[in-house]
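Enquirer: Before I ask anything, here is the structure I am working with.
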Amino acid sequence: QQQVKQSPQSLIVQKGGIPIINCAYENTAFDYFPWYQQFPGKGPALLIAIRPDVSEKKEGRFTISFNKSAKQFSLHIMDSQPGDSATYFCAALRFNAGNMLTFGGGTRLMVKP
Amino acid sequence: DTEVTQTPKHLVMGMTNKKSLKCEQHMGHRAMYWYKQKAKKPPELMFVYSYEKLSINESVPSRFSPECPNSSLLNLHLHALQPEDSALYLCASSQFSLNSPLHFGNGTRLTVT
């Protein structure tokens, strides 16, 4: 059962473009929604995270938009750079389930120079 | 560099071998995790330790045996693995509190021959 659905699976943008990655969840018991960035051969690195009582959070060029009623959230990358080329995972955390983290399927982003 | 250190970075083992993966964190986190990641897939949870006690075992085969000797260390003992167990094994840690994201190491790339 895929509790967090992520789209698109892959995305290609030009440098300076604004890639948008979308996620939807089913379980309203999730407490926290982090995004991870993973480069080949590396572990996932925490990028930005949001609580469900907040509608938007911005850190540098990365912005999360959160729609609690629709059970959807998205990542926007402003002024994307070739160095942003990586796989991005949305995730959802349940503290009362042992702080269990459930990942979306991942989006492979390529930013062309 | 990540604050969760995993050793070794690469491991090749035969199906009759016994080996161990090691993970260390010094962030004072009281929850530690093992995840398994296959190529082009999201990480999948294997085990969760909270306060040095095994709290979640995601129906992992007994050929994988976790151990948490103290609050900073996490081991994964491997025995009689199968070629399909070849994957990136990721360790993570977090505060055991609400809204505390997981921090991942860079993983051990395991190949079973």
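Following the order of the structure tokens, chains are lettered A, B, ..., residues in each are numbered from 1, and ligands are numbered from 1.
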Give me, as a PyMOL selection string, the contact residues of chain A against chain B at a cut-off of 6 Å, counting only C-alpha atoms.
Expert: chain A and resi 32+42-43+95+105
Enquirer: For range 61-69 of chain A, please output as number ranges by chain all residues within 10 Å (counting only C-alpha atoms; exclusion window: fewer than 6 positions along the same chain).
Expert: A: 18, 20-25, 28, 33-35, 47-55, 75-80
Enquirer: So what do you get for CA of Asn70 in chain B versus CA of Glu58 in chain B, distance-wise?
Expert: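 Those two atoms sit 21.6 Å apart.
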Enquirer: Taking the DSSP secondary structure from the backbone, can you list the residues of chain A that are strand (DSSP E), as a PyMOL selection string?
Expert: chain A and resi 4-7+10-14+20-25+33-38+45-50+56-59+62-67+72-77+86-94+100-103+107-112
Enquirer: What's around range 86-93 of chain A at 7 Å? Count only C-alpha atoms, leave out sequence neighbours fewer than 3 positions away in its own chain, and write the answer as an MDAnalysis selection string.
Expert: chainID A and resid 23 30:39 99:110
Enquirer: CA of Thr7 in chain B and CA of Glu24 in chain B are how many Å apart?
Expert: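 Rounded to one decimal, the two atoms are 8.8 Å apart.
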